[in-house]
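The structure appears below as structure tokens.
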Amino acid sequence: GATVLSMHDQVSDRSVLMLRTLLAAALCVLLVACTNLANLLVARALARRRELAVRAAMGAGRERLVRQLLTESLLLSVAGGGLGVLIAVSALPLLAHLVPTSLPIAEVPSIDLRVLGFAAFLTLATGIAFGLIPALRVSRREDAQTLREGRSGGLGGRKEQMRRILVVAEVAGSVALVASAGLLLRALWRVQATNPGFQAENVLSLRTALPMPKYEERTARETFYARVLGEARRAPGVSSAAYTSFLPMVHGGGVWPVEIPGRDHDGANRLNASLRFVTPGFFETMRIPLMMGRDVTEADRFDRPFVAVVSASFVKRYFPNENPLGRHFQFGNADRTIVGVVGNVRVRGLERESEPQVYLSYLQHDQVSEWYAPKDLVVRSTLPPADLAGTLRRIIHEANPEQPVSDVQTLTQVLTADTASRAVQLRVLGCFALVAFLLAAIGIHGLLSFTVSSRTQEFGVRMALGARSGDIARMVLRQGTALAALGAVAGIALAYAAGMVLRSLLSGVQPGDWPTMTTAVALAAGMTIASGALPAWRAARVDPATVIRTE
């Protein structure tokens with residue numbers, strides 16, 4: 001028969017969720033940037049109220065004023081969009097590291113017409129949406145009347161409600177991104193601290209997939225393994241070497257049914273385990289702890305009773321509260337006797353619990369597919385990896401000059417590769433959070449600066465009536481702090497909701513993790529103080545006499 005599988009279904013749900021998280025983060029940064037732009041456009045338009053009033057007095061209608069302001073915002077958007085496309089082109093090599101390795105994409109994806117069209121759509125949409133609101137806001141008839149009367153708008157007036165809402169939205173978005181990135185960062189640290197079940201330091205691996213039918217005979221394979229392992233173990237600096245069917249985390253291994261005498265084996269209660277053939281010394285080389293019994297040996301040959309070394313998870317699931325040594329089970333089309341128990345290995349990655357493991361002697365390999373023939377060589381050595389790789393290539397070439405060697409890597413690289421895609425994605429998410437945070441700081445700074453400039457007369461009068469410089473500075477800072485506090489509360493709520501959605505990526509970290517949320521709030525507080533310090537200092541240095549004389 002044949003099985004048809006969709007490539008889309010082969011990508012793990014976690015990988016898809018992480019990519020969607022990056023897309024949502026990019027959208028959040030875009031909204032924060034556009035919100036900041038709208039806030040600055042409102043401030044700029046309010047500063048040009050006298051100019052707009054003169055234009056209106058000379059016959060310019062409201063539509064003409066809106067068109068002028070909208071044209072200016074579109075020019076800003078087009079310039080920013082063009083610069084963004086240039087940055088995207090230069091950042092294309094990074095994209096290859098953001099997606100799961102199982103996706104069939106080019107090494108460096110290209111920017112085609114679809115991408116450029118999407119960028120153009122975003123540019124025009126943001127320019128119109130976030131430029132139209134300020135344009136309509138300042139071109140209202142009552143605003144023109146206010147301008148003609150020469151009144152100045154303050155922060156506390158009804159006219160500034162929209163600007164305050166925009167600043168709160170900026171802070172909320174930035175805090176949500178920072179907190180979400182913090183949750184995922186803590187989850188990554190927890191994953192990287194997970195014990196894989198083996199010691200990766202000072203172990204080099206390489207693959208020698210034996211070609212068929214040259215090595216179809218069992219004796220031919222055994223001769224090759226014996227010669228390569230014998231020479232490798234005698235090499236300077238090498239403490240141990242062994243072969244295995246599949247390297248942990250590189251390939252999970254095939255899952256085979258387990259049949260235990262006296263157990264129910266219907267479909268709902270079917271037992272299974274992963275299968276690997278290994279040579280003696282594999283557990284010593286990998287530093288996988290031997291908990292009970294013994295390792296496979298050269299005496300475990302095909303004409304002797306078939307033996308198996310099983311993982312602790314195998315014993316816990318199938319022989320709980322029993323001594324597993326000497327117990328029999330059907331596996332790989334043969335009866336197996338348990339002679340040893342080893343520690344659990346996360347063969348399918350640090351973030352996934354592995355199924356029970358069964359390790360069989362390479363000398364008893366003949367009952368299952370040739371695909372399970374040992375092919376991955378692991379060598380523990382104090383030599384530099386490059387020097388050791390050269391030695392091993394020479395040994396393999398002497399054993400068989402036509403034997404290809406591939407996948408030369410250290411186990412440390414294997415561990416790093418297991419979380420590499422997620423680490424790169426998290427760094428990008430952190431950059432998004434940093435950009436959003438800086439934009440929020442600019443938004444608060446811009447709002448407070450506009451407040452100080454528009455309320456200079458008020459501050460002068462207050463100081464003339466006895467208010468001290470510190471009182472004025474604290475008043476300005478309080479206004480920024482109040483907005484930041486509202487934004488931080490909303491941002492924490494958004495981060496918690498995002499954490500619930502991302503729960504499968506958090507690896508045990510709670511969505512409401514208090515160190516992460518506290519850090520995000522503390523950063524928001526520090527950002528508020530830093531962005532409001534200069535406007536508060538300017539407000540505190542207002543000279544009452546100069547202000548009154550100027551007015």
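Following the order of the structure tokens, chains are lettered A, B, ..., residues in each are numbered from 1, and ligands are numbered from 1.
Those residues in segment 315-517 of chain A carrying a DSSP assignment of strand (DSSP E), computed from the backbone, are His328, Phe329, Gln330, Phe331, Ala334, Asp335, Arg336, Thr337, Ile338, Val339, Gly340, Val341, Val342, Gln357, Val358, Tyr359, Leu360, Ser361, Asp376, Leu377, Val378, Val379, Arg380, Ser381, Ser406, Asp407, Val408, Gln409 and Thr410 of chain A.
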field: Shell of 9 Å around segment 39-44 of chain A, only C-alpha atoms, local chain residues under 4 positions omitted, as JSON, numbers by chain
entry: {"A": [34, 35, 48, 49, 69, 73, 130, 131, 133, 134, 135, 137, 138, 162, 163, 164, 166, 167, 443, 446, 447, 450]}
query: For Met212 of chain A, which residue out of A:Ser239, A:Gln403, A:Asn344, A:Asn36 is the nearest one, using only C-alpha atoms?
result: A:Gln403
At a cut-off of 10 Å, using only C-alpha atoms, what residues contact Met500 of chain A? Leave out same-chain residues fewer than 5 positions from it and give the result as a PDB file with all heavy atoms, in the first residue's frame.
ATOM      1  N   LEU A 494      -2.269  41.285  29.230  1.00  0.00           N
ATOM      2  CA  LEU A 494      -2.056  40.744  27.888  1.00  0.00           C
ATOM      3  C   LEU A 494      -0.985  39.656  27.896  1.00  0.00           C
ATOM      4  O   LEU A 494      -1.112  38.631  27.216  1.00  0.00           O
ATOM      5  CB  LEU A 494      -1.642  41.866  26.932  1.00  0.00           C
ATOM      6  CG  LEU A 494      -2.724  42.869  26.535  1.00  0.00           C
ATOM      7  CD1 LEU A 494      -2.123  43.995  25.701  1.00  0.00           C
ATOM      8  CD2 LEU A 494      -3.836  42.179  25.751  1.00  0.00           C
ATOM      9  N   ALA A 495       0.093  39.882  28.682  1.00  0.00           N
ATOM     10  CA  ALA A 495       1.163  38.885  28.754  1.00  0.00           C
ATOM     11  C   ALA A 495       0.659  37.585  29.362  1.00  0.00           C
ATOM     12  O   ALA A 495       1.042  36.495  28.928  1.00  0.00           O
ATOM     13  CB  ALA A 495       2.338  39.437  29.564  1.00  0.00           C
ATOM     14  N   LEU A 505       4.775  25.985  25.024  1.00  0.00           N
ATOM     15  CA  LEU A 505       6.167  26.375  24.807  1.00  0.00           C
ATOM     16  C   LEU A 505       6.885  26.739  26.096  1.00  0.00           C
ATOM     17  O   LEU A 505       8.101  26.971  26.078  1.00  0.00           O
ATOM     18  CB  LEU A 505       6.239  27.585  23.856  1.00  0.00           C
ATOM     19  CG  LEU A 505       5.711  27.397  22.434  1.00  0.00           C
ATOM     20  CD1 LEU A 505       5.752  28.727  21.694  1.00  0.00           C
ATOM     21  CD2 LEU A 505       6.522  26.356  21.698  1.00  0.00           C
ATOM     22  N   LEU A 506       6.160  26.809  27.205  1.00  0.00           N
ATOM     23  CA  LEU A 506       6.742  27.337  28.441  1.00  0.00           C
ATOM     24  C   LEU A 506       7.473  26.289  29.260  1.00  0.00           C
ATOM     25  O   LEU A 506       8.125  26.639  30.259  1.00  0.00           O
ATOM     26  CB  LEU A 506       5.654  28.015  29.286  1.00  0.00           C
ATOM     27  CG  LEU A 506       5.010  29.250  28.654  1.00  0.00           C
ATOM     28  CD1 LEU A 506       4.015  29.891  29.602  1.00  0.00           C
ATOM     29  CD2 LEU A 506       6.069  30.257  28.233  1.00  0.00           C
ATOM     30  N   GLN A 510       5.055  28.940  34.594  1.00  0.00           N
ATOM     31  CA  GLN A 510       3.665  29.369  34.674  1.00  0.00           C
ATOM     32  C   GLN A 510       3.441  30.679  33.920  1.00  0.00           C
ATOM     33  O   GLN A 510       4.317  31.556  33.912  1.00  0.00           O
ATOM     34  CB  GLN A 510       3.241  29.540  36.138  1.00  0.00           C
ATOM     35  CG  GLN A 510       3.266  28.251  36.935  1.00  0.00           C
ATOM     36  CD  GLN A 510       2.364  27.194  36.340  1.00  0.00           C
ATOM     37  OE1 GLN A 510       1.221  27.459  35.969  1.00  0.00           O
ATOM     38  NE2 GLN A 510       2.884  25.968  36.231  1.00  0.00           N
ATOM     39  N   PRO A 511       2.282  30.848  33.269  1.00  0.00           N
ATOM     40  CA  PRO A 511       2.004  32.108  32.553  1.00  0.00           C
ATOM     41  C   PRO A 511       2.060  33.332  33.452  1.00  0.00           C
ATOM     42  O   PRO A 511       2.388  34.423  32.988  1.00  0.00           O
ATOM     43  CB  PRO A 511       0.583  31.883  31.999  1.00  0.00           C
ATOM     44  CG  PRO A 511       0.440  30.404  31.910  1.00  0.00           C
ATOM     45  CD  PRO A 511       1.220  29.845  33.056  1.00  0.00           C
ATOM     46  N   GLY A 512       1.748  33.154  34.739  1.00  0.00           N
ATOM     47  CA  GLY A 512       1.813  34.271  35.686  1.00  0.00           C
ATOM     48  C   GLY A 512       3.091  34.282  36.496  1.00  0.00           C
ATOM     49  O   GLY A 512       3.090  34.744  37.640  1.00  0.00           O
TER      50      GLY A 512
END
- request: Write out as a count of residues only all residues of segment 113-240 of chain A that backbone DSSP assigns to alpha helix (DSSP H).
  value: 83
So that each row is one residue of segment 182-230 of chain A with an atom at most 10 Å from segment 345-349 of chain A, can you give its shortest atom pair and the distance in Å to one decimal, using only C-alpha atoms, rows by chain and rising number, as a tab-separated table?
residue	atom	partner	partner_atom	distance
A:Val191	CA	A:Gly349	CA	9.7
A:Thr194	CA	A:Arg346	CA	9.4
A:Asn195	CA	A:Arg346	CA	8.3
A:Pro196	CA	A:Arg346	CA	5.3
A:Gly197	CA	A:Val345	CA	4.3
A:Phe198	CA	A:Val345	CA	6.8
Rows by chain and residue number, segment 417-476 of chain A within 12 Å of segment 80-95 of chain A, shortest pair, only C-alpha atoms, as a tab-separated table:
residue	atom	partner	partner_atom	distance
A:Ser421	CA	A:Leu95	CA	10.3
A:Val424	CA	A:Leu94	CA	8.6
A:Gln425	CA	A:Leu95	CA	9.4
A:Arg427	CA	A:Leu94	CA	11.1
A:Val428	CA	A:Leu94	CA	9.5
The selected residues should be written to file as a CSV table (one decimal), in the first residue's frame (atoms: all heavy atoms).
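Output (out.csv):
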chain,number,residue,atom,x,y,z
A,421,SER,N,17.0,26.6,17.0
A,421,SER,CA,15.9,27.3,16.3
A,421,SER,C,15.2,28.2,17.3
A,421,SER,O,14.9,29.3,17.0
A,421,SER,CB,15.0,26.4,15.5
A,421,SER,OG,13.9,27.1,15.0
A,424,VAL,N,17.3,31.2,18.5
A,424,VAL,CA,17.3,32.3,17.5
A,424,VAL,C,16.0,33.0,17.5
A,424,VAL,O,15.9,34.3,17.4
A,424,VAL,CB,17.7,31.8,16.1
A,424,VAL,CG1,17.6,32.9,15.1
A,424,VAL,CG2,19.1,31.2,16.2
A,425,GLN,N,14.9,32.3,17.5
A,425,GLN,CA,13.5,32.9,17.5
A,425,GLN,C,13.3,33.8,18.7
A,425,GLN,O,12.8,34.8,18.6
A,425,GLN,CB,12.5,31.8,17.4
A,425,GLN,CG,12.4,31.0,16.1
A,425,GLN,CD,11.6,29.8,16.2
A,425,GLN,OE1,11.3,29.3,17.3
A,425,GLN,NE2,11.2,29.2,15.0
A,427,ARG,N,15.7,35.3,20.4
A,427,ARG,CA,16.5,36.5,20.3
A,427,ARG,C,15.8,37.5,19.4
A,427,ARG,O,15.8,38.7,19.7
A,427,ARG,CB,17.9,36.2,19.7
A,427,ARG,CG,18.8,35.5,20.7
A,427,ARG,CD,20.3,35.6,20.2
A,427,ARG,NE,20.5,34.7,19.1
A,427,ARG,CZ,20.9,33.4,19.3
A,427,ARG,NH1,21.1,32.9,20.5
A,427,ARG,NH2,21.1,32.6,18.2
A,428,VAL,N,15.1,37.1,18.4
A,428,VAL,CA,14.4,38.0,17.5
A,428,VAL,C,13.2,38.6,18.3
A,428,VAL,O,12.9,39.8,18.2
A,428,VAL,CB,13.9,37.3,16.3
A,428,VAL,CG1,13.0,38.2,15.4
A,428,VAL,CG2,15.1,36.8,15.4
Need the shell around segment 216-233 of chain A: protein/DNA/RNA residues with any atom at most 10 Å away, counting only C-alpha atoms. Skip same-chain ones fewer than 4 positions apart. Format as a compact mmCIF listing (two decimals) with C-alpha atoms, in the first residue's frame?
# COMPACT_ATOMS: atom_id res chain seq x y z
CA LEU A 210 27.05 0.70 5.51
CA PRO A 211 25.91 0.25 1.87
CA MET A 212 23.89 -2.78 0.84
CA GLY A 237 43.49 10.39 23.81
CA VAL A 238 40.52 8.05 23.19
CA SER A 239 38.96 6.53 26.33
CA SER A 240 36.06 4.63 24.72
CA ALA A 241 34.20 4.17 21.43
CA ALA A 242 31.01 2.44 20.30
CA TYR A 243 28.43 2.17 17.54
CA THR A 279 28.06 -2.34 20.47
CA PHE A 302 23.41 -14.61 17.23
CA TYR A 362 24.72 -5.62 17.43
CA LEU A 363 25.82 -9.24 17.15
CA GLN A 364 22.17 -10.32 17.35
CA HIS A 365 21.01 -8.04 14.55
CA ASP A 366 19.31 -10.01 11.83
CA GLU A 370 18.73 -3.44 7.77
CA ALA A 373 22.19 -1.72 11.57
CA PRO A 374 24.52 0.39 13.76
CA LYS A 375 25.73 3.37 11.76
CA LEU A 377 30.05 6.03 15.75
CA VAL A 378 30.56 7.84 19.09
CA VAL A 379 34.04 8.37 20.51
CA ARG A 380 34.96 9.91 23.86
CA SER A 381 38.34 11.59 23.71
CA LEU A 388 40.04 13.29 16.26
CA THR A 391 42.14 10.18 12.85
CA LEU A 392 38.73 8.48 12.56
CA ARG A 393 38.49 9.22 8.84
CA ARG A 394 41.87 7.57 8.34
CA ILE A 395 40.81 4.51 10.35
CA ILE A 396 37.57 4.12 8.38
CA HIS A 397 39.40 4.61 5.07
CA GLU A 398 41.82 1.83 5.99
CA ALA A 399 38.89 -0.46 6.90
CA ASN A 400 37.07 0.33 3.64
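For the choices A:Ala25, A:Leu360, A:Val16, A:Leu5, the atom-to-atom distance to Gly173 of chain A is smallest for A:Ala25 when using only C-alpha atoms.
Computed from the coordinates, the atom CA of Asn323 of chain A to atom CA of Glu351 of chain A distance equals 29.9 Å.
The interatomic distance for the pair atom CA of His251 of chain A and atom CA of Arg327 of chain A works out to 28.2 Å.
The spacing separating atom CA of Ser531 of chain A from atom CA of Ala172 of chain A amounts to 15.9 Å.
With only C-alpha atoms as the atoms that count, the minimum distance from Thr518 of chain A to the choices A:Ile492, A:Arg538, A:Leu350, A:Leu136 is reached by A:Ile492.
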- request: For segment 484-487 of chain A, please output as a VMD selection string all residues within 12 Å (counting only C-alpha atoms; exclusion window: fewer than 3 positions along the same chain).
  value: chain A and resid 164 to 176 437 440 to 441 443 to 445 447 to 448 477 to 481 490 to 495 520 to 529 531 to 532
message: I need the residue nearest Gly281 of chain A from this list: A:Leu122, A:Met517, A:Leu185, A:Val296. Use only C-alpha atoms for the distance.
response: A:Val296
